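Student: Sharing a structure below in structure tokens format, with a few things to ask.
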Amino acid sequence: MHPIRILQVFTTMGRGGAESMIMNYYRHMDRSKVQFDFIVHRNQPAAFDDEIKALGGSIYYLPEINPLFPKQYYHDLRKFFKTHDQYNIVHSHINTFSTFPLKIAKEFGIETRIAHAHIAMDPIDLKSTFKSKSSIIEALKKTLKLQLKKSVHKYPTHCFSCGTKAGKWLFGDKANFKVMNNAVDARSFTFDPDLSDNIRKELDIENKHVLGHVGRFTQQKNHAYLIHVYAEVLKRNSNCVLLLIGTGPLEDEIKLLSKQLGITKQIKFLGMRTNIAELLQAIDVFIFPSFFEGLPVTLIESQAAGLKILASDTITDEVKLTNDISYLSINESPEIWANKIISFLPVKKKNNLDLIVKNNYDIISNALEIETFYLQQSK
């Protein structure tokens, strides 16, 4: 018997939060019963491409969606479905843009069409909109997404979300949606003191207080604020180092800022890494000052690893599975954030596996639940 094939829709399969989440599920599915294929909208190599192919999945490349002029995209997607009629389930992860692929999926009679919410965007801040060219572009993008949000409910048969806050943002306060937890392989993140020592030795950061962040260098992640916070931390305790894991369009800008503040030597820009579970073993405090998120998988991973976490209060408290996470407003000064971080030091990590499992964020049970859902929809 051949497995059913689920068509997952993403912008690209880079190492983002939503992409990492679906790969966690994919790895733990019974792939003799359920297989994933992917439509992406960037014809360029991405972090998970090789693993997808190794697991038995296919990747199909469509052009970027132009939300103002989607006619060409509709033409290309219709052509795709005419030659790929094996899909009864389409699961779209592109938030407000899910309107576009699900509209054509409905046209082709695909019975199960899932729109998945992964973010809860903050409102447009008119005070900061005109501060820079990038903030103007970001405000225009948000305005367009808010318009698309009005029609996102038209085409799905099922609405999924990473959490309640993101689901209400995309689908409305009174909408029915299923929370698909951003579950992780908790056992692979559980604190291991020997591994922690080995990673610190490899990175030449032994006997340091290690701060860290995982995320793309984009405006959403607020790296500039993080750098200012870290500069204040160093004024209070110079025996610290900051690990920044990820790449992105603002990376050079953040490197320049760190140089201007004279703290480049105390920062390790590690780029894109595949061994996140190991790198988290080396970190004491995880700093996460995002402007907006859905339910960040990195904060689940960090709690599984026993890290202390300081996150912006824009992040949903649904992510708080342990007492290791604290929140502060990014409207507070970097000095206040720095004082809070200093109060965590030195960090004594503990094993949080039982709490991750108890709160239903371990991947084993969650993958089985979604696998069962897909199979039931295919009967």
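Numbering starts fresh at 1 for the residues of each chain in the structure tokens, the chains themselves are lettered A, B, ... in the order given, and ligands are numbered from 1 as they appear.
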As an mmCIF file with C-alpha atoms, in the first residue's frame, please: all residues of region 117-339 of chain A that backbone DSSP puts in strand (DSSP E or B).
Tutor:
data_model
loop_
_atom_site.group_PDB
_atom_site.id
_atom_site.type_symbol
_atom_site.label_atom_id
_atom_site.label_comp_id
_atom_site.auth_asym_id
_atom_site.auth_seq_id
_atom_site.Cartn_x
_atom_site.Cartn_y
_atom_site.Cartn_z
ATOM 1 C CA ALA A 117 -1.543 30.523 11.288
ATOM 2 C CA ALA A 120 0.293 37.196 15.334
ATOM 3 C CA HIS A 158 -9.844 23.440 8.311
ATOM 4 C CA CYS A 159 -8.001 26.178 10.189
ATOM 5 C CA PHE A 160 -4.858 25.317 12.159
ATOM 6 C CA SER A 161 -2.683 27.503 14.349
ATOM 7 C CA LYS A 178 -7.163 23.531 15.801
ATOM 8 C CA VAL A 179 -3.952 24.231 17.682
ATOM 9 C CA VAL A 184 9.971 19.416 19.559
ATOM 10 C CA HIS A 209 28.454 33.437 30.739
ATOM 11 C CA VAL A 210 26.937 32.601 27.354
ATOM 12 C CA LEU A 211 23.996 34.578 25.973
ATOM 13 C CA GLY A 212 22.351 33.517 22.735
ATOM 14 C CA HIS A 213 19.717 34.060 20.086
ATOM 15 C CA VAL A 214 18.465 31.939 17.176
ATOM 16 C CA CYS A 240 30.036 37.320 28.752
ATOM 17 C CA VAL A 241 29.824 36.234 25.150
ATOM 18 C CA LEU A 242 26.883 36.417 22.730
ATOM 19 C CA LEU A 243 26.122 33.701 20.171
ATOM 20 C CA LEU A 244 23.986 34.807 17.223
ATOM 21 C CA ILE A 245 22.738 31.887 15.121
ATOM 22 C CA ILE A 267 29.980 38.333 19.704
ATOM 23 C CA LYS A 268 30.160 35.145 17.662
ATOM 24 C CA PHE A 269 28.130 35.312 14.446
ATOM 25 C CA LEU A 270 27.670 31.599 13.807
ATOM 26 C CA GLY A 271 25.584 31.830 10.637
ATOM 27 C CA VAL A 285 20.499 32.861 28.725
ATOM 28 C CA PHE A 286 18.371 33.069 25.570
ATOM 29 C CA ILE A 287 17.382 36.627 24.570
ATOM 30 C CA PHE A 288 14.295 37.054 22.377
ATOM 31 C CA GLU A 293 5.652 36.090 16.764
ATOM 32 C CA LYS A 308 16.939 30.997 31.228
ATOM 33 C CA ILE A 309 14.933 33.064 28.733
ATOM 34 C CA LEU A 310 14.125 36.753 28.527
ATOM 35 C CA ALA A 311 11.497 37.469 25.865
ATOM 36 C CA SER A 312 9.486 40.484 24.796
ATOM 37 C CA ILE A 325 11.055 32.183 30.908
ATOM 38 C CA SER A 326 10.501 35.835 31.847
ATOM 39 C CA TYR A 327 9.008 38.710 29.862
ATOM 40 C CA LEU A 328 9.809 42.409 29.495
#
Student: Just asking: which residues within region 271-318 of chain A are helix (DSSP H, G or I) according to DSSP, as a list in words?
Tutor: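 For region 271-318 of chain A, the helix (DSSP H, G or I) set is Ile276, Ala277, Glu278, Leu279, Leu280, Gln281, Ala282, Val297, Thr298, Leu299, Ile300, Glu301, Ser302, Gln303, Ala304, Asp317 and Glu318 of chain A.
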Student: Mind checking which residues fall within 9 Å of region 352-361 of chain A, counting only C-alpha atoms, ignoring those fewer than 4 positions away in the same chain, and posting them as a PyMOL selection string?
Tutor: chain A and resi 181-187+189-191+300+303-306+321-322+365-366
Student: Find the distance between CA of Met21 (chain A) and CA of Leu299 (chain A) and write it in Å to one decimal.
Tutor: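 For CA of Met21 (chain A) relative to CA of Leu299 (chain A), the distance reads 12.2 Å.
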Student: Between CA of Pro296 (chain A) and CA of Thr218 (chain A), what is the spacing in Å?
Tutor: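 Between CA of Thr218 (chain A) and CA of Pro296 (chain A) the gap works out to 15.1 Å.
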Student: With only C-alpha atoms as the basis for distance, which of A:Ser258, A:Thr11, A:Ser20, A:Thr99 is at the shortest distance from His223 (chain A)?
Tutor: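 Ranked by minimum distance to His223 (chain A), first place goes to A:Ser258.
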Student: Show which residues sit within 12 Å of Gly172 (chain A), as a PyMOL selection string. Count only C-alpha atoms, and ignore same-chain residues fewer than 2 positions away.
Tutor: chain A and resi 117+120+149-153+159+161+164-170+174-177
Student: Using only C-alpha atoms, which residue out of A:Glu19, A:Glu253, A:Glu278, A:Glu206 lies closest to Asn239 (chain A)?
Tutor: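 Residue with the minimum atom-to-atom distance to Asn239 (chain A): A:Glu206.
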Student: Of the candidates A:Thr143, A:Thr112, A:Asn198, A:Gln260, which one gets nearest to Pro156 (chain A) if we count only C-alpha atoms?
Tutor: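 Closest candidate: A:Thr112.
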Student: Find the distance between CA of Lys255 (chain A) and CA of Ala338 (chain A) and write it in Å to one decimal.
Tutor: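 Between CA of Lys255 (chain A) and CA of Ala338 (chain A) the gap is 19.8 Å.
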Student: Compile the contact shell of region 71-88 of chain A as a list of chain:residue names: residues with an atom at most 7 Å away, counting only C-alpha atoms, same-chain residues fewer than 2 positions apart removed.
Tutor: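 Near neighbours after the sequence-gap exclusion: A:Arg5, A:Ile6, A:Leu7, A:Pro63, A:Ile65, A:Phe69, A:Val90, A:Ile104, A:Ile110, A:Glu111, A:Thr112, A:Ser378.
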Student: Which residue, A:Ser188, A:Ser333, A:Asn43, A:Gln281, has the smallest gap to Glu232 (chain A) when you use only C-alpha atoms?
Tutor: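 Closest to Glu232 (chain A), using only C-alpha atoms: A:Ser333.
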Student: Which of these residues is nearest to Ala46 (chain A), using only C-alpha atoms: A:Leu261, A:Ile330, A:Met13, A:Leu148?
Tutor: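 Of all the options, A:Met13 lies closest to Ala46 (chain A).
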Student: Which residue gives the smallest distance to Gly16 (chain A) among A:Gly262, A:Pro346, A:Gly215, A:Gly56, with only C-alpha atoms counted?
Tutor: A:Gly215
